[in-house]
Structures are given as structure tokens and as C-alpha cells.
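Chemist: Mind having a look at this structure? Questions to follow.
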Amino acid sequence: MKNLAAQASRTSPGSSLAALTPRAALACLAGALSLSSACAGTSSEPRREPSGAREEGARPGKPGPGAVPAAPSGTVSESEPRRPIYTGKETVGSGALGEPALGPAPLEAARVPGAPFVLVKNWNFGTAGTIRDVRELIAEFEFHDQFNTIANGTKYGAVTVAPTAETAISVAHELGLPGNMQPVEDPAWPYREWTRDVLVAHVRPLSPSAAKVSVNAHDTGNGSFMAKWKLPGGGKNLGRDLLWETRVRIPNPVLGYWFAVWTAGNRWDDGAEMDVVESFGVPHLAPGAKCFHVNSVGGDDFHVFRNWPAGLTKMGVPQSAWDLSHWHTWTWVYLRDDSYRVYYDGHLVQKGTLHWTYQAKADGPVIDMRFLFDFSWGHTEITDVNISLPASSFPLTYEIDYSRVYLR
């Protein structure tokens, strides 16, 4: 996520608002950055911020009805477009190119000429998939970011809840959590649930008895996670072409929701980062989840989403396809020449060049690549989503069908 203060127009899932600026000491949005005009007119891109000073003091901080009928919550209709059909046995995969996972080919494979992509990670969520329960989720994912924070530093309003005591970590005292420990999920008050087809991630008050919650109080929890598996680099530094495809929806959005599917590395200072999708619920688009933006942090993007609706329109996405309460698929294609493209249900929504290095400099130090899934709420440095709500407004619910990584 880019420094919002430096580029208030960047709003990407991991780098926009959330990426405000990873430097803990940096007063990220230099003043009150308001998204009041974000989706109504201009979208000051929020960036994601890894919280706290990390290597070099920076950590990435993560800123009409659809045409497809929404399926009942927790189900995936095979008739819905943009979902690959595969009838064989599926496996998660080891992540190694020489040991392919079993699963479908990528939807956008035909758009990327050359040798076929090889499926290396197949996270198919749901009891009929490859990530079928908490045990398998823990085997593949962590419940904090690569800088050991559970709220993008202290920027997100909701903190990530650990599924078990064994997976919980100690956290920053600024979050005000008991014993400075990560909350642990109570099965009677779940933050993650499974149906046959999806993983359902909730945001809800940490206390079932709460009457009101606020972003500043960090008194809500979420079901976010980050993959344990990572790549040693990206683009030229990886020497491989990458395709990452993820299918998600927000069936029950709440004002202030914060949603991002993004990548960043073990060092961050205004990049490198790719926000494959980032969206957050500002009043101007309430109720609902009706728009998003796509951008890199530190890269050279074809289009800067200063205005989310205008950006999507410019990129050829009809307004009827913006509703995020319906199923949508995002695909990031990142080639070994450092060029990239992002597709949304087959629409090209962003392209550009990004050096996968510390600070995204052409000659910068090599960094690794982590895969993050943020299903959160609120941001302390974005005025329009730094809010309080009645506890009865929750749960805020996200659903993830699958996420698959391909290499060649």
C-alpha cells in the first residue's frame, strides 16, 4: 500500500487505505484523510499498513445490483458464471512446481499465451473441498500477518481472532486486549464457519454482551488469515510467471467493512505490494458493497483509481457487475518481466509494472511474497470508516469459495 499522505489517490486492498504507511511512527494519512468522496466521486486510496516499524521501519498497511443472482448464503451455484468446472479429485498441493496440485485450470489461462500454468496451491474452501475444517485451515494458514500483527498494525478496527489457543500470539498493547494476547475463537461465538462449498468469515463483537462497538476500541474480531506457504520472490526475482485466482463475495456487508486480497513481502516501505482487490464500506455507497479498486504499491499502474466507479467504468466493467454481495473472481497475472494484469470476472481492470523488491525499486533488495486475505472492519486513519456501530449491526459476513496459485 502506498503512503496515502503521499498519494491520497491510491486505494488498494492491501496498499490503499490499509496500506496507509507501514511506518509505525509515521502519521499515515497526514491529517484526516476522508473517503467521503471516495466512491461517490473520488476515492482517496486507502492503503494497508503493516503495523509498526518493521525492517527498515516499514510494513505494508492495508486502503447497482449485479447481473448474477446471489445464491443462498454459504452455497455456490454451479450455474453461476466465472467458476471453473472440475469433477476429479482435488488436493491442496505442496507449492512445488514439480509436484502439481490436483484441481481445475485457471479461468483466464487463454489470456496468457505460452506454456500451460501448473496448479501449485489449491485452497478450495468448504467441507467438500481441500480446506474442510479448522484443522486443515491451521495446517495451511496463519492468523496474523508477516509482521506478527493482527490488525494491520493497529490500523484495522477488527482484530484477527485465532482459531485455537495454540495459534494465538502476543500482540501490541495499543490494541487494549486482555493480557496483550490475541483473542481465541469460542465455538459458540464463531468467526469462521464451513458449509459444503465455502468458508464463512465473520466480523462480530469480541464480547457477545456488547451493546456498541467502535473501530478505535478494537473490540470486534474477524476471521482473516495469511497463507503459510510463500514464494521466495516475484517477477524477475522469481523467474516464473504467476497466476493467482480467488473467488469471494460479501453476502452481508456492514458499513465500514474492509475487504482485501493482496500480496506483500517480509520487508515493506511503500512497496512492493499488489492489492488484487480492496474495498471498504463508505457512507456514500451504503448500504451494500458496491465498488472496489485495484492497484500496486510502488509500481507503475495503467490507471489510478482516484474514483472507484469512474475507474471501473473506464476499464469496461458495467455498473451491473459491481455488487460485491454476488460472487466474483479476481485473477492476478504477474509475469517474469515484472509486468502484471488483473482481471475481474474476465474484465481487465488493471495492468502495469511492479518490481518485487523492498521499496519496489528496480535494483532493490529481494523480498518474499505472502498471500493475505483480509475480512475485516474499519480503519483508524480513514475518517469515513473510523466509526462506531450498534453491536446488533453484526455479523458482517464474507464468504470465500477458493483461492488458487499457478506457476509456469
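As shown in the C-alpha cells, the chain order sets the letters A, B, ...; within each chain, residues go from 1, and ligands are also counted from 1 in the order they appear.
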For A:Tyr156, please output as a list in words all residues within 6 Å (counting only C-alpha atoms; exclusion window: fewer than 5 positions along the same chain).
Modeler: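 Surrounding residues, per the criterion: Ala151, Gly378 and His379 of chain A.
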Chemist: Between A:Ala188, A:Leu389, A:Leu199, A:Leu396, which residue has the minimum interatomic distance to A:Gly288, considering only C-alpha atoms?
Modeler: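 Between A:Ala188, A:Leu389, A:Leu199, A:Leu396, the residue approaching A:Gly288 most closely is A:Leu396.
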Chemist: Report as a VMD selection string all protein, DNA and RNA residues lying within 8 Å of A:Pro106, evaluated on only C-alpha atoms, omitting residues in the same chain fewer than 3 positions from it.
Modeler: chain A and resid 84 109 117 243 245 406
Chemist: So which residues touch stretch 369-371 of chain A within 12 Å, counting only C-alpha atoms, skipping near sequence neighbours fewer than 4 positions away, as a ChimeraX atom specification?
Modeler: /A:14,60,121,123,140-142,144-147,224-235,237-238,242,244-246,260-268,271-276,332,334,355-358,403-405
Chemist: Take atom CA of A:Val134 and atom CA of A:Pro163 and report the distance between them in Å, one decimal.
Modeler: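 Value for the atom CA of A:Val134-atom CA of A:Pro163 distance: 7.2 Å.
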Chemist: Pull the alpha helix (DSSP H) assignments for stretch 125-344 of chain A out of DSSP run on the backbone, and list those residues as a PyMOL selection string.
Modeler: chain A and resi 134-140+308-314
Chemist: Restricting the output to C-alpha atoms, write the selected residues as a compact mmCIF listing (two decimals), in the first residue's frame.
Modeler:
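And here's again.txt as it stands now:
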```
# COMPACT_ATOMS: atom_id res chain seq x y z
CA VAL A 134 -10.28 -25.79 11.32
CA ARG A 135 -7.54 -28.42 11.41
CA GLU A 136 -6.87 -28.10 7.68
CA LEU A 137 -7.14 -24.31 7.87
CA ILE A 138 -4.45 -24.23 10.57
CA ALA A 139 -2.21 -26.51 8.50
CA GLU A 140 -2.21 -24.01 5.61
CA TRP A 308 -13.61 3.87 -7.95
CA PRO A 309 -16.79 3.96 -10.08
CA ALA A 310 -15.11 6.04 -12.77
CA GLY A 311 -12.12 3.70 -12.74
CA LEU A 312 -14.23 0.58 -13.15
CA THR A 313 -16.22 2.25 -15.91
CA LYS A 314 -13.04 3.30 -17.70
```
Chemist: Counting only C-alpha atoms, which of A:Thr329, A:Thr91, A:Gln350, A:Asn148 gets nearest to A:Gly316?
Modeler: A:Gln350
Chemist: Let me make sure I understand: among A:Tyr402, A:Phe394, A:Phe292, A:Phe305, which one has the smallest atom-to-atom distance to A:Asn252 if we use only C-alpha atoms?
Modeler: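 That would be A:Phe394, the residue with the smallest distance to A:Asn252.
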Chemist: Pick out the closest residue to A:Val304 from this set: A:Val349, A:Ile250, A:Val333, A:Ile387. Count only C-alpha atoms.
Modeler: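 Under the stated criterion, the closest residue is A:Val349.
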